[in-house]
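Colleague: Dropping in upload-v2.txt, with compact mmCIF, C-alpha atoms and all ligand atoms.
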```
# COMPACT_ATOMS: atom_id res chain seq x y z
CA MET V 1 124.49 -117.16 -155.00
CA ILE V 2 124.20 -119.05 -158.30
CA ASP V 3 123.31 -116.79 -161.19
CA GLY V 4 120.05 -117.99 -162.80
CA ALA V 5 120.61 -116.20 -166.09
CA THR V 6 124.06 -117.77 -166.54
CA LEU V 7 122.64 -121.22 -165.80
CA GLY V 8 119.83 -120.58 -168.26
CA ALA V 9 122.36 -119.65 -170.94
CA ARG V 10 124.27 -122.88 -170.29
CA LEU V 11 121.07 -124.96 -170.64
CA ARG V 12 120.25 -123.15 -173.88
CA GLU V 13 123.62 -124.32 -175.18
CA ARG V 14 122.62 -127.83 -174.07
CA ASP V 15 125.40 -127.89 -171.49
CA HIS V 16 124.40 -130.98 -169.50
CA SER V 17 126.95 -130.28 -166.81
CA ALA V 18 124.74 -127.37 -165.65
CA ALA V 19 122.10 -129.82 -164.35
CA PRO V 20 123.37 -130.26 -160.75
CA ALA V 21 123.57 -126.48 -160.23
CA VAL V 22 120.06 -126.08 -161.69
CA LEU V 23 118.71 -128.56 -159.12
CA ASN V 24 120.58 -126.86 -156.29
CA LEU V 25 119.10 -123.53 -157.31
CA VAL V 26 115.46 -124.57 -157.70
CA GLU V 27 115.56 -126.52 -154.43
CA ASN V 28 116.96 -123.54 -152.54
CA CYS V 29 114.12 -121.83 -150.68
CA THR V 30 115.85 -118.55 -149.79
CA GLU V 31 114.51 -115.27 -151.11
CA GLY V 32 117.59 -114.67 -153.24
CA ALA V 33 117.42 -118.13 -154.81
CA ARG V 34 113.76 -117.62 -155.67
CA GLY V 35 114.67 -114.52 -157.61
CA GLN V 36 117.45 -116.36 -159.45
CA THR V 37 115.06 -119.24 -160.24
CA GLU V 38 112.71 -116.68 -161.82
CA ALA V 39 115.64 -115.35 -163.86
CA LEU V 40 116.45 -118.93 -164.94
CA LEU V 41 112.85 -119.68 -165.97
CA ALA V 42 112.57 -116.37 -167.80
CA MET V 43 115.69 -117.25 -169.84
CA LEU V 44 114.05 -120.55 -170.82
CA SER V 45 110.48 -119.42 -171.53
CA PRO V 46 109.01 -120.23 -174.97
CA ALA V 47 109.25 -116.55 -175.88
CA ALA V 48 112.93 -116.51 -174.95
CA ILE V 49 113.91 -119.72 -176.77
CA GLY V 50 111.51 -119.35 -179.70
CA GLY V 51 109.19 -122.27 -178.97
CA GLU V 52 108.52 -125.04 -176.49
CA ALA V 53 111.49 -126.76 -174.86
CA PRO V 54 112.37 -129.68 -177.15
CA GLY V 55 112.83 -132.39 -174.50
CA HIS V 56 110.19 -135.07 -173.90
CA ILE V 57 108.94 -134.68 -170.31
CA LEU V 58 107.82 -138.08 -169.08
CA GLY V 59 106.00 -139.03 -165.89
CA ILE V 60 106.67 -142.55 -164.63
CA THR V 61 104.41 -143.31 -161.72
CA GLY V 62 103.06 -146.24 -159.75
CA PRO V 63 102.94 -147.84 -156.30
CA PRO V 64 106.15 -148.59 -154.39
CA GLY V 65 107.97 -151.78 -155.39
CA VAL V 66 106.35 -152.33 -158.79
CA GLY V 67 109.69 -151.90 -160.54
CA LYS V 68 109.82 -148.26 -161.69
CA SER V 69 113.49 -147.73 -160.89
CA SER V 70 114.53 -151.07 -162.38
CA LEU V 71 112.59 -150.23 -165.53
CA LEU V 72 114.18 -146.79 -165.71
CA SER V 73 117.67 -148.33 -165.65
CA ARG V 74 116.67 -150.25 -168.79
CA LEU V 75 114.97 -147.28 -170.46
CA VAL V 76 117.89 -144.94 -169.79
CA ALA V 77 120.34 -147.45 -171.30
CA GLN V 78 118.15 -147.72 -174.39
CA TRP V 79 117.74 -143.95 -174.78
CA ARG V 80 121.51 -143.52 -174.44
CA ALA V 81 122.06 -146.23 -177.06
CA GLN V 82 119.87 -144.11 -179.37
CA GLY V 83 122.08 -141.10 -178.61
CA ARG V 84 119.45 -139.29 -176.53
CA SER V 85 120.46 -137.39 -173.40
CA VAL V 86 118.41 -138.18 -170.28
CA ALA V 87 117.66 -136.46 -166.98
CA VAL V 88 115.78 -138.35 -164.26
CA LEU V 89 114.15 -136.61 -161.30
CA ALA V 90 113.17 -139.32 -158.83
CA VAL V 91 110.84 -138.24 -156.05
CA ASP V 92 111.80 -140.80 -153.44
CA PRO V 93 109.44 -141.63 -150.60
CA SER V 94 111.87 -144.04 -148.90
CA SER V 95 113.37 -141.16 -146.95
CA ARG V 96 110.05 -140.68 -145.18
CA ARG V 97 110.43 -141.64 -141.58
CA SER V 98 107.81 -144.37 -141.52
CA GLY V 99 108.01 -145.43 -145.16
CA GLY V 100 111.43 -146.99 -145.58
CA ALA V 101 111.00 -150.29 -143.83
CA LEU V 102 107.65 -151.11 -145.42
CA LEU V 103 108.88 -150.68 -148.93
CA GLY V 104 111.29 -153.59 -148.75
CA ASP V 105 113.86 -154.25 -151.39
CA ARG V 106 114.34 -151.16 -153.55
CA ALA V 107 116.44 -150.84 -156.65
CA ARG V 108 118.40 -147.74 -157.57
CA ILE V 109 118.40 -146.36 -161.08
CA GLU V 110 121.67 -147.61 -162.52
CA VAL V 111 123.54 -145.34 -164.89
CA ASP V 112 127.12 -144.91 -166.06
CA PRO V 113 128.53 -142.31 -163.64
CA ARG V 114 131.05 -141.07 -166.25
CA ASP V 115 128.33 -140.32 -168.80
CA GLN V 116 127.76 -136.53 -168.90
CA ALA V 117 124.57 -136.90 -170.95
CA THR V 118 122.82 -138.78 -168.14
CA PHE V 119 121.72 -136.96 -165.01
CA VAL V 120 119.87 -138.57 -162.09
CA ARG V 121 118.71 -136.73 -158.98
CA SER V 122 116.64 -138.17 -156.14
CA THR V 123 114.60 -135.78 -154.08
CA ALA V 124 113.02 -136.68 -150.77
CA ALA V 125 109.25 -136.53 -151.05
CA GLY V 126 108.98 -135.32 -147.48
CA GLU V 127 105.35 -135.12 -146.46
CA ARG V 128 104.08 -134.85 -149.99
CA LEU V 129 103.84 -138.54 -150.83
CA GLY V 130 103.22 -138.65 -154.55
CA GLY V 131 102.73 -134.90 -154.78
CA LEU V 132 105.17 -132.74 -156.66
CA ALA V 133 107.32 -130.06 -155.11
CA PRO V 134 107.40 -126.76 -157.03
CA ALA V 135 111.14 -127.37 -157.42
CA THR V 136 110.48 -130.54 -159.44
CA ARG V 137 108.21 -128.65 -161.85
CA ALA V 138 110.81 -125.92 -162.30
CA ALA V 139 113.62 -128.43 -162.77
CA ALA V 140 111.69 -130.50 -165.32
CA SER V 141 110.77 -127.53 -167.48
CA ALA V 142 114.30 -126.10 -167.30
CA LEU V 143 116.08 -129.38 -168.06
CA ALA V 144 113.77 -130.03 -171.03
CA VAL V 145 115.66 -127.25 -172.80
CA ALA V 146 118.96 -129.16 -172.59
CA PHE V 147 118.05 -132.87 -172.36
CA ASP V 148 116.22 -134.97 -174.97
CA VAL V 149 114.29 -136.87 -172.30
CA VAL V 150 113.35 -135.66 -168.81
CA VAL V 151 111.76 -138.28 -166.56
CA ILE V 152 109.91 -137.59 -163.33
CA GLU V 153 109.57 -140.78 -161.27
CA THR V 154 106.87 -140.49 -158.61
CA VAL V 155 105.29 -142.94 -156.21
CA GLY V 156 101.61 -143.33 -155.82
CA ALA V 157 98.34 -144.65 -157.06
CA GLY V 158 95.28 -142.51 -157.27
CA GLN V 159 95.27 -138.77 -156.74
CA SER V 160 98.98 -138.23 -157.19
CA GLU V 161 98.94 -139.15 -160.87
CA THR V 162 96.98 -136.00 -161.57
CA ASP V 163 99.89 -133.98 -160.28
CA VAL V 164 102.44 -135.57 -162.57
CA ALA V 165 100.02 -135.26 -165.50
CA ASP V 166 100.15 -131.50 -164.93
CA VAL V 167 103.88 -131.50 -165.62
CA ALA V 168 104.56 -134.32 -168.05
CA ASP V 169 103.91 -134.50 -171.78
CA THR V 170 103.34 -138.24 -171.41
CA VAL V 171 102.34 -140.17 -168.28
CA ALA V 172 103.03 -143.89 -167.94
CA VAL V 173 101.43 -145.65 -164.98
CA ILE V 174 103.31 -148.73 -163.85
CA VAL V 175 101.61 -151.69 -162.19
CA GLN V 176 102.84 -155.13 -161.23
CA PRO V 177 101.06 -158.48 -161.40
CA GLY V 178 98.38 -158.74 -158.72
CA ALA V 179 97.99 -154.97 -158.38
CA GLY V 180 94.23 -154.94 -157.87
CA ASP V 181 94.11 -151.57 -156.11
CA VAL V 182 95.32 -149.67 -159.14
CA LEU V 183 92.63 -151.31 -161.26
CA GLN V 184 90.02 -150.32 -158.69
CA PHE V 185 91.25 -146.70 -158.72
CA LEU V 186 91.07 -146.69 -162.48
CA LYS V 187 87.56 -148.13 -162.64
CA ALA V 188 86.28 -145.85 -159.87
CA GLY V 189 87.63 -142.81 -161.70
CA ILE V 190 89.91 -141.90 -158.77
CA MET V 191 92.85 -142.28 -161.09
CA GLU V 192 93.03 -140.37 -164.35
CA VAL V 193 93.50 -142.63 -167.34
CA PRO V 194 97.22 -142.55 -168.16
CA ASP V 195 98.73 -142.13 -171.64
CA VAL V 196 100.47 -145.50 -171.42
CA LEU V 197 99.96 -148.40 -169.02
CA VAL V 198 102.79 -150.76 -168.18
CA VAL V 199 102.65 -154.13 -166.42
CA THR V 200 106.10 -154.98 -165.04
CA LYS V 201 107.73 -158.28 -164.04
CA ALA V 202 106.53 -160.04 -167.19
CA ASP V 203 109.16 -162.70 -166.42
CA LEU V 204 106.83 -163.97 -163.67
CA GLY V 205 104.72 -165.51 -166.45
CA PRO V 206 101.05 -166.35 -165.82
CA PRO V 207 100.38 -163.69 -163.12
CA ALA V 208 101.76 -161.03 -165.46
CA ALA V 209 99.61 -162.28 -168.34
CA ARG V 210 96.54 -162.15 -166.06
CA ALA V 211 97.40 -158.59 -164.97
CA LEU V 212 97.75 -157.55 -168.61
CA ALA V 213 94.31 -158.97 -169.42
CA ASP V 214 92.77 -157.32 -166.32
CA VAL V 215 94.20 -153.91 -167.21
CA ARG V 216 92.97 -154.20 -170.80
CA ALA V 217 89.50 -155.20 -169.59
CA ALA V 218 89.37 -152.31 -167.12
CA LEU V 219 90.33 -149.80 -169.83
CA ALA V 220 87.84 -151.31 -172.28
CA SER V 221 85.06 -151.02 -169.68
CA LEU V 222 85.91 -147.31 -169.48
CA GLY V 223 85.72 -147.03 -173.26
CA GLU V 224 89.49 -146.36 -173.42
CA ARG V 225 90.64 -148.43 -176.35
CA GLU V 226 93.45 -146.17 -177.50
CA VAL V 227 95.65 -146.42 -174.40
CA PRO V 228 98.61 -148.70 -175.10
CA VAL V 229 99.04 -151.47 -172.50
CA LEU V 230 102.43 -153.15 -172.48
CA ALA V 231 104.14 -155.90 -170.52
CA VAL V 232 107.82 -155.43 -169.71
CA SER V 233 110.50 -157.23 -167.78
CA SER V 234 113.53 -155.49 -166.34
CA ALA V 235 115.04 -158.83 -165.30
CA VAL V 236 117.73 -160.66 -167.27
CA PRO V 237 117.06 -160.81 -170.16
CA PRO V 238 114.83 -157.73 -170.34
CA SER V 239 111.77 -157.70 -172.61
CA GLY V 240 109.32 -155.15 -173.95
CA ILE V 241 111.68 -152.19 -173.45
CA GLU V 242 111.91 -151.12 -177.10
CA GLU V 243 108.14 -151.50 -177.52
CA LEU V 244 107.62 -149.24 -174.52
CA LEU V 245 110.01 -146.64 -175.92
CA ASP V 246 108.06 -146.69 -179.19
CA ALA V 247 104.73 -146.29 -177.38
CA LEU V 248 106.07 -143.28 -175.45
CA ASP V 249 107.44 -141.69 -178.62
CA ARG V 250 104.19 -142.31 -180.50
CA HIS V 251 102.19 -140.60 -177.76
CA ARG V 252 104.48 -137.60 -177.87
CA ALA V 253 104.28 -137.42 -181.68
CA ARG V 254 100.47 -137.24 -181.61
CA LEU V 255 100.33 -134.76 -178.75
CA ASP V 256 99.26 -131.12 -178.97
CA LEU V 257 102.48 -130.15 -177.19
CA PRO V 258 101.92 -126.38 -176.90
CA ALA V 259 98.50 -126.96 -175.31
CA ARG V 260 99.87 -129.48 -172.82
CA ARG V 261 102.78 -127.21 -171.95
CA ARG V 262 100.47 -124.21 -171.49
CA ARG V 263 98.45 -126.24 -169.01
CA ALA V 264 101.68 -127.30 -167.26
CA ARG V 265 102.71 -123.65 -166.90
CA ARG V 266 99.33 -122.72 -165.44
CA MET V 267 99.50 -125.53 -162.88
CA HIS V 268 103.13 -124.73 -162.12
CA ALA V 269 102.30 -121.08 -161.41
CA LEU V 270 99.37 -122.09 -159.22
CA ALA V 271 101.46 -124.65 -157.30
CA ASP V 272 104.12 -121.99 -156.67
CA PHE V 273 101.47 -119.54 -155.56
CA VAL V 274 99.97 -122.07 -153.13
CA ALA V 275 103.42 -123.01 -151.82
CA GLU V 276 104.05 -119.35 -151.07
CA TYR V 277 100.67 -118.08 -149.84
CA GLY V 278 98.93 -121.27 -148.72
CA GLU V 279 95.22 -121.68 -148.18
CA ARG V 280 94.79 -117.98 -147.47
CA GLY V 281 96.18 -117.15 -150.88
CA LEU V 282 93.84 -119.69 -152.49
CA ARG V 283 90.87 -118.17 -150.70
CA ALA V 284 91.83 -114.74 -152.03
CA LEU V 285 91.53 -116.27 -155.51
CA GLY V 286 88.11 -117.72 -154.72
CA GLY V 287 89.39 -121.28 -154.29
CA ARG V 288 91.42 -123.66 -156.43
CA ARG V 289 88.71 -124.42 -159.01
CA GLN V 290 88.04 -120.74 -159.52
CA ALA V 291 91.75 -119.98 -159.81
CA GLU V 292 92.23 -122.72 -162.42
CA ARG V 293 89.26 -121.49 -164.42
CA TRP V 294 90.54 -117.93 -164.31
CA LEU V 295 93.98 -119.04 -165.49
CA VAL V 296 92.44 -120.89 -168.44
CA GLU V 297 90.30 -117.92 -169.41
CA GLU V 298 93.02 -115.35 -168.91
CA ASP V 299 95.86 -117.38 -170.34
CA PRO V 300 97.45 -114.81 -172.58
CA GLY V 301 100.32 -117.17 -173.36
CA LEU V 302 102.26 -115.98 -170.33
CA ASP V 303 105.28 -117.86 -169.03
CA VAL V 304 105.36 -119.20 -165.47
CA VAL V 305 106.82 -116.02 -164.04
CA GLY V 306 104.17 -113.89 -165.74
CA LEU V 307 101.36 -116.21 -164.65
CA ARG V 308 102.60 -116.10 -161.07
CA ARG V 309 102.63 -112.32 -161.18
CA ALA V 310 99.07 -112.33 -162.57
CA LEU V 311 97.90 -114.61 -159.74
CA ARG V 312 99.48 -112.34 -157.13
CA ALA V 313 97.81 -109.29 -158.66
CA ARG V 314 94.44 -111.04 -158.75
CA ALA V 315 94.78 -112.05 -155.11
CA GLY V 316 95.69 -108.48 -154.21
CA ILE V 317 99.17 -109.45 -153.02
CA GLY V 318 102.21 -107.27 -153.81
N1 LIG M 401 111.14 -160.59 -161.31
C1 LIG M 401 111.25 -159.29 -161.50
N2 LIG M 401 111.52 -158.48 -160.46
C2 LIG M 401 111.63 -157.15 -160.68
C3 LIG M 401 111.45 -156.60 -161.98
N3 LIG M 401 111.60 -155.26 -161.89
C4 LIG M 401 111.86 -154.99 -160.59
N4 LIG M 401 111.89 -156.12 -159.86
C5 LIG M 401 112.15 -156.21 -158.41
O1 LIG M 401 111.11 -155.53 -157.69
C6 LIG M 401 111.62 -154.85 -156.57
C7 LIG M 401 111.25 -153.38 -156.61
O2 LIG M 401 111.86 -152.78 -157.75
P1 LIG M 401 112.10 -151.22 -157.86
O3 LIG M 401 112.65 -150.95 -159.20
O4 LIG M 401 112.88 -150.72 -156.68
O5 LIG M 401 110.60 -150.67 -157.76
P2 LIG M 401 110.06 -149.17 -157.54
O6 LIG M 401 109.83 -149.01 -156.08
O7 LIG M 401 108.78 -149.11 -158.28
O8 LIG M 401 111.09 -148.22 -158.06
C8 LIG M 401 113.14 -155.07 -156.59
O9 LIG M 401 113.43 -156.13 -155.71
C9 LIG M 401 113.40 -155.46 -158.02
O10 LIG M 401 114.54 -156.29 -158.15
C10 LIG M 401 111.17 -157.50 -163.07
O11 LIG M 401 110.99 -157.12 -164.23
N5 LIG M 401 111.07 -158.83 -162.76
MG MG M 402 112.00 -146.50 -157.21
```
What is this structure when it is put down as structure tokens?
Ligand SMILES: Nc1nc2c(ncn2[C@@H]2O[C@H](COP(=O)(O)OP(=O)(O)O)[C@@H](O)[C@H]2O)c(=O)[nH]1
Ligand SMILES: [Mg+2]

Modeller:
Amino acid sequence: MIDGATLGARLRERDHSAAPAVLNLVENCTEGARGQTEALLAMLSPAAIGGEAPGHILGITGPPGVGKSSLLSRLVAQWRAQGRSVAVLAVDPSSRRSGGALLGDRARIEVDPRDQATFVRSTAAGERLGGLAPATRAAASALAVAFDVVVIETVGAGQSETDVADVADTVAVIVQPGAGDVLQFLKAGIMEVPDVLVVTKADLGPPAARALADVRAALASLGEREVPVLAVSSAVPPSGIEELLDALDRHRARLDLPARRRRARRMHALADFVAEYGERGLRALGGRRQAERWLVEEDPGLDVVGLRRALRARAGIG
């Protein structure tokens, strides 16, 4: 069994080579591994490290095929050129039995395999298309102690963005030219307004320019004039990549990070609780809404492990 405390100590020393073992641990569902994951998270809690984990946790989300992975290859190269270490957690729906064939031509995130400061892990989404596994939340918060940038790439449009917004400091929604459905979700309020909106495949020319104008109009109609909307191309030559990096950094600089991270810890604890005790557990808490409200009111600045314990006590479990 991997020792969670030892792994936590390695991440605190910014030992990037600990990343694969961290993923193996948090994805391991055995009882023993769960205990070691708690030990790992306890080692990395704000109280233990004297503040919030320094890494920028980014959510990159959008429908299949819009160019998220291609864009990430460009972003990772740029971050590395700036000397920033990067971990990417890609939640990949293509391993779903029915999904693969429909999604057509998919790019992989390209990185230098010899570069220790870059870590990429794909996780099968399984049945939770767009949703986040508890393991991804744990991995993101742990890796943010050791890596400058931690990216969670998820697929979806609509409800699933809410999930990634619970984890990430900054959420960028990616659309491609002609992506009318995403605009409809946005206007109908099904999709939460992201922190940054990106139109890919700018090299296609007029359709991309139209998409950019449509997205800006949709946001303006919602009264959202502060959300940056950018066009990028991941083709050769790429364009808009540095501007996107700046927009992401600017969002992070303006953010109330401790507040966002406290919310992430509450949602993480609740997701873990639901994964373990299911709908029955939720009912014991009076439902999801009630549980969320209670966590907000109670929030005594507990870490994830403490919050999880508090939820169990409230539900009358263990
Ligand atoms: N023309 C053009 N094609 C792109 C661009 N970015 C991605 N693609 C293509 O779009 C397809 C899907 O890209 P991928 O990165 O796998 O999308 P993802 O499913 O969102 O991760 C691939 O065939 C890419 O080569 C771009 O900027 N311009
Ligand atoms: Mg992809």

Colleague: Measure the distance from atom CA of V:Leu44 to atom CA of V:Gly8 in Å and round it to one decimal.

Modeller: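 The value is 6.3 Å.
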
Colleague: Between V:Leu295, V:Leu222, V:Ala9, V:Ala138, which has the minimum distance to V:Ala188 (counting all atoms listed in the file)?

Modeller: V:Leu222

Colleague: Please give me, as a PyMOL selection string, the residues lying within 8 Å of ligand MG 402 (chain M) when counting all atoms listed in the file.

Modeller: chain V and resi 64-65+67-70+90+92+106-109+153+155

Colleague: Padding of 5 Å on every side, edges along x, y and z, all listed atoms of ligand LIG 401 (chain M) included: what centre and edge lengths in Å, to one decimal, does that box have, as JSON?

Modeller:
```
{"center_x": 111.7, "center_y": -154.4, "center_z": -160.0, "size_x": 15.8, "size_y": 22.4, "size_z": 18.5}
```

Colleague: So which one's closest to V:Pro20, V:Ser122, V:Val198, V:Ile241, V:Gly189? Using only C-alpha atoms, please.

Modeller: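 Smallest separation from V:Pro20 among the options: V:Ser122.
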
Colleague: List as a PyMOL selection string the protein and nucleic acid residues lying within 10 Å of ligand LIG 401 (chain M), with all atoms listed in the file counted.

Modeller: chain V and resi 60-74+90+92-94+103-109+153-156+174-176+199-205+208+231-239

Colleague: Need the shell around V:Ser85: protein/DNA/RNA residues with any atom at most 9 Å away, counting only C-alpha atoms. Skip same-chain ones fewer than 6 positions apart. Format as a ChimeraX atom specification?

Modeller: /V:16,76,79,116-119,146-150

Colleague: Could you save the residues just selected, with C-alpha atoms, as a PDB file, keeping the file's coordinate frame?

Modeller:
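Listed below is the output, out-v4.pdb:
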```
ATOM      1  CA  HIS V  16     124.400-130.980-169.500  1.00  0.00           C
ATOM      2  CA  VAL V  76     117.890-144.940-169.790  1.00  0.00           C
ATOM      3  CA  TRP V  79     117.740-143.950-174.780  1.00  0.00           C
ATOM      4  CA  GLN V 116     127.760-136.530-168.900  1.00  0.00           C
ATOM      5  CA  ALA V 117     124.570-136.900-170.950  1.00  0.00           C
ATOM      6  CA  THR V 118     122.820-138.780-168.140  1.00  0.00           C
ATOM      7  CA  PHE V 119     121.720-136.960-165.010  1.00  0.00           C
ATOM      8  CA  ALA V 146     118.960-129.160-172.590  1.00  0.00           C
ATOM      9  CA  PHE V 147     118.050-132.870-172.360  1.00  0.00           C
ATOM     10  CA  ASP V 148     116.220-134.970-174.970  1.00  0.00           C
ATOM     11  CA  VAL V 149     114.290-136.870-172.300  1.00  0.00           C
ATOM     12  CA  VAL V 150     113.350-135.660-168.810  1.00  0.00           C
TER      13      VAL V 150
END
```

Colleague: Working from the structure I just supplied, which lacks atoms in stretch 265-280 of chain V, can you model N, CA, C and O atoms there and output them as a PDB file, in the frame of the given file?

Modeller:
```
ATOM      1  N   ARG V 265     102.265-124.941-167.448  1.00  0.00           N
ATOM      2  CA  ARG V 265     102.710-123.650-166.900  1.00  0.00           C
ATOM      3  C   ARG V 265     101.663-123.058-165.969  1.00  0.00           C
ATOM      4  O   ARG V 265     102.000-122.483-164.938  1.00  0.00           O
ATOM      5  N   ARG V 266     100.374-123.219-166.323  1.00  0.00           N
ATOM      6  CA  ARG V 266      99.330-122.720-165.440  1.00  0.00           C
ATOM      7  C   ARG V 266      99.372-123.420-164.087  1.00  0.00           C
ATOM      8  O   ARG V 266      99.303-122.793-163.034  1.00  0.00           O
ATOM      9  N   MET V 267      99.495-124.768-164.124  1.00  0.00           N
ATOM     10  CA  MET V 267      99.500-125.530-162.880  1.00  0.00           C
ATOM     11  C   MET V 267     100.763-125.271-162.076  1.00  0.00           C
ATOM     12  O   MET V 267     100.750-125.282-160.854  1.00  0.00           O
ATOM     13  N   HIS V 268     101.856-125.032-162.763  1.00  0.00           N
ATOM     14  CA  HIS V 268     103.130-124.730-162.120  1.00  0.00           C
ATOM     15  C   HIS V 268     103.000-123.393-161.366  1.00  0.00           C
ATOM     16  O   HIS V 268     103.354-123.294-160.189  1.00  0.00           O
ATOM     17  N   ALA V 269     102.443-122.393-162.043  1.00  0.00           N
ATOM     18  CA  ALA V 269     102.300-121.080-161.410  1.00  0.00           C
ATOM     19  C   ALA V 269     101.381-121.170-160.196  1.00  0.00           C
ATOM     20  O   ALA V 269     101.658-120.589-159.144  1.00  0.00           O
ATOM     21  N   LEU V 270     100.314-121.958-160.331  1.00  0.00           N
ATOM     22  CA  LEU V 270      99.370-122.090-159.220  1.00  0.00           C
ATOM     23  C   LEU V 270     100.014-122.848-158.052  1.00  0.00           C
ATOM     24  O   LEU V 270      99.839-122.473-156.886  1.00  0.00           O
ATOM     25  N   ALA V 271     100.784-123.886-158.362  1.00  0.00           N
ATOM     26  CA  ALA V 271     101.460-124.650-157.300  1.00  0.00           C
ATOM     27  C   ALA V 271     102.450-123.753-156.560  1.00  0.00           C
ATOM     28  O   ALA V 271     102.542-123.799-155.326  1.00  0.00           O
ATOM     29  N   ASP V 272     103.185-122.936-157.304  1.00  0.00           N
ATOM     30  CA  ASP V 272     104.120-121.990-156.670  1.00  0.00           C
ATOM     31  C   ASP V 272     103.374-121.020-155.782  1.00  0.00           C
ATOM     32  O   ASP V 272     103.789-120.720-154.667  1.00  0.00           O
ATOM     33  N   PHE V 273     102.269-120.515-156.310  1.00  0.00           N
ATOM     34  CA  PHE V 273     101.470-119.540-155.560  1.00  0.00           C
ATOM     35  C   PHE V 273     100.979-120.165-154.246  1.00  0.00           C
ATOM     36  O   PHE V 273     101.069-119.555-153.180  1.00  0.00           O
ATOM     37  N   VAL V 274     100.483-121.408-154.328  1.00  0.00           N
ATOM     38  CA  VAL V 274      99.970-122.070-153.130  1.00  0.00           C
ATOM     39  C   VAL V 274     101.105-122.368-152.148  1.00  0.00           C
ATOM     40  O   VAL V 274     100.958-122.220-150.936  1.00  0.00           O
ATOM     41  N   ALA V 275     102.279-122.746-152.696  1.00  0.00           N
ATOM     42  CA  ALA V 275     103.420-123.010-151.820  1.00  0.00           C
ATOM     43  C   ALA V 275     103.793-121.742-151.051  1.00  0.00           C
ATOM     44  O   ALA V 275     104.208-121.793-149.900  1.00  0.00           O
ATOM     45  N   GLU V 276     103.625-120.599-151.698  1.00  0.00           N
ATOM     46  CA  GLU V 276     104.050-119.350-151.070  1.00  0.00           C
ATOM     47  C   GLU V 276     102.968-118.752-150.166  1.00  0.00           C
ATOM     48  O   GLU V 276     103.272-118.268-149.084  1.00  0.00           O
ATOM     49  N   TYR V 277     101.717-118.800-150.588  1.00  0.00           N
ATOM     50  CA  TYR V 277     100.670-118.080-149.840  1.00  0.00           C
ATOM     51  C   TYR V 277      99.638-118.989-149.192  1.00  0.00           C
ATOM     52  O   TYR V 277      98.728-118.514-148.526  1.00  0.00           O
ATOM     53  N   GLY V 278      99.754-120.295-149.439  1.00  0.00           N
ATOM     54  CA  GLY V 278      98.930-121.270-148.720  1.00  0.00           C
ATOM     55  C   GLY V 278      97.439-121.126-148.968  1.00  0.00           C
ATOM     56  O   GLY V 278      97.001-120.544-149.959  1.00  0.00           O
ATOM     57  N   GLU V 279      96.674-121.665-148.044  1.00  0.00           N
ATOM     58  CA  GLU V 279      95.220-121.680-148.180  1.00  0.00           C
ATOM     59  C   GLU V 279      94.641-120.265-148.206  1.00  0.00           C
ATOM     60  O   GLU V 279      93.649-120.014-148.898  1.00  0.00           O
ATOM     61  N   ARG V 280      95.285-119.358-147.472  1.00  0.00           N
ATOM     62  CA  ARG V 280      94.790-117.980-147.470  1.00  0.00           C
ATOM     63  C   ARG V 280      94.883-117.371-148.857  1.00  0.00           C
ATOM     64  O   ARG V 280      93.965-116.682-149.309  1.00  0.00           O
TER      65      ARG V 280
END
```
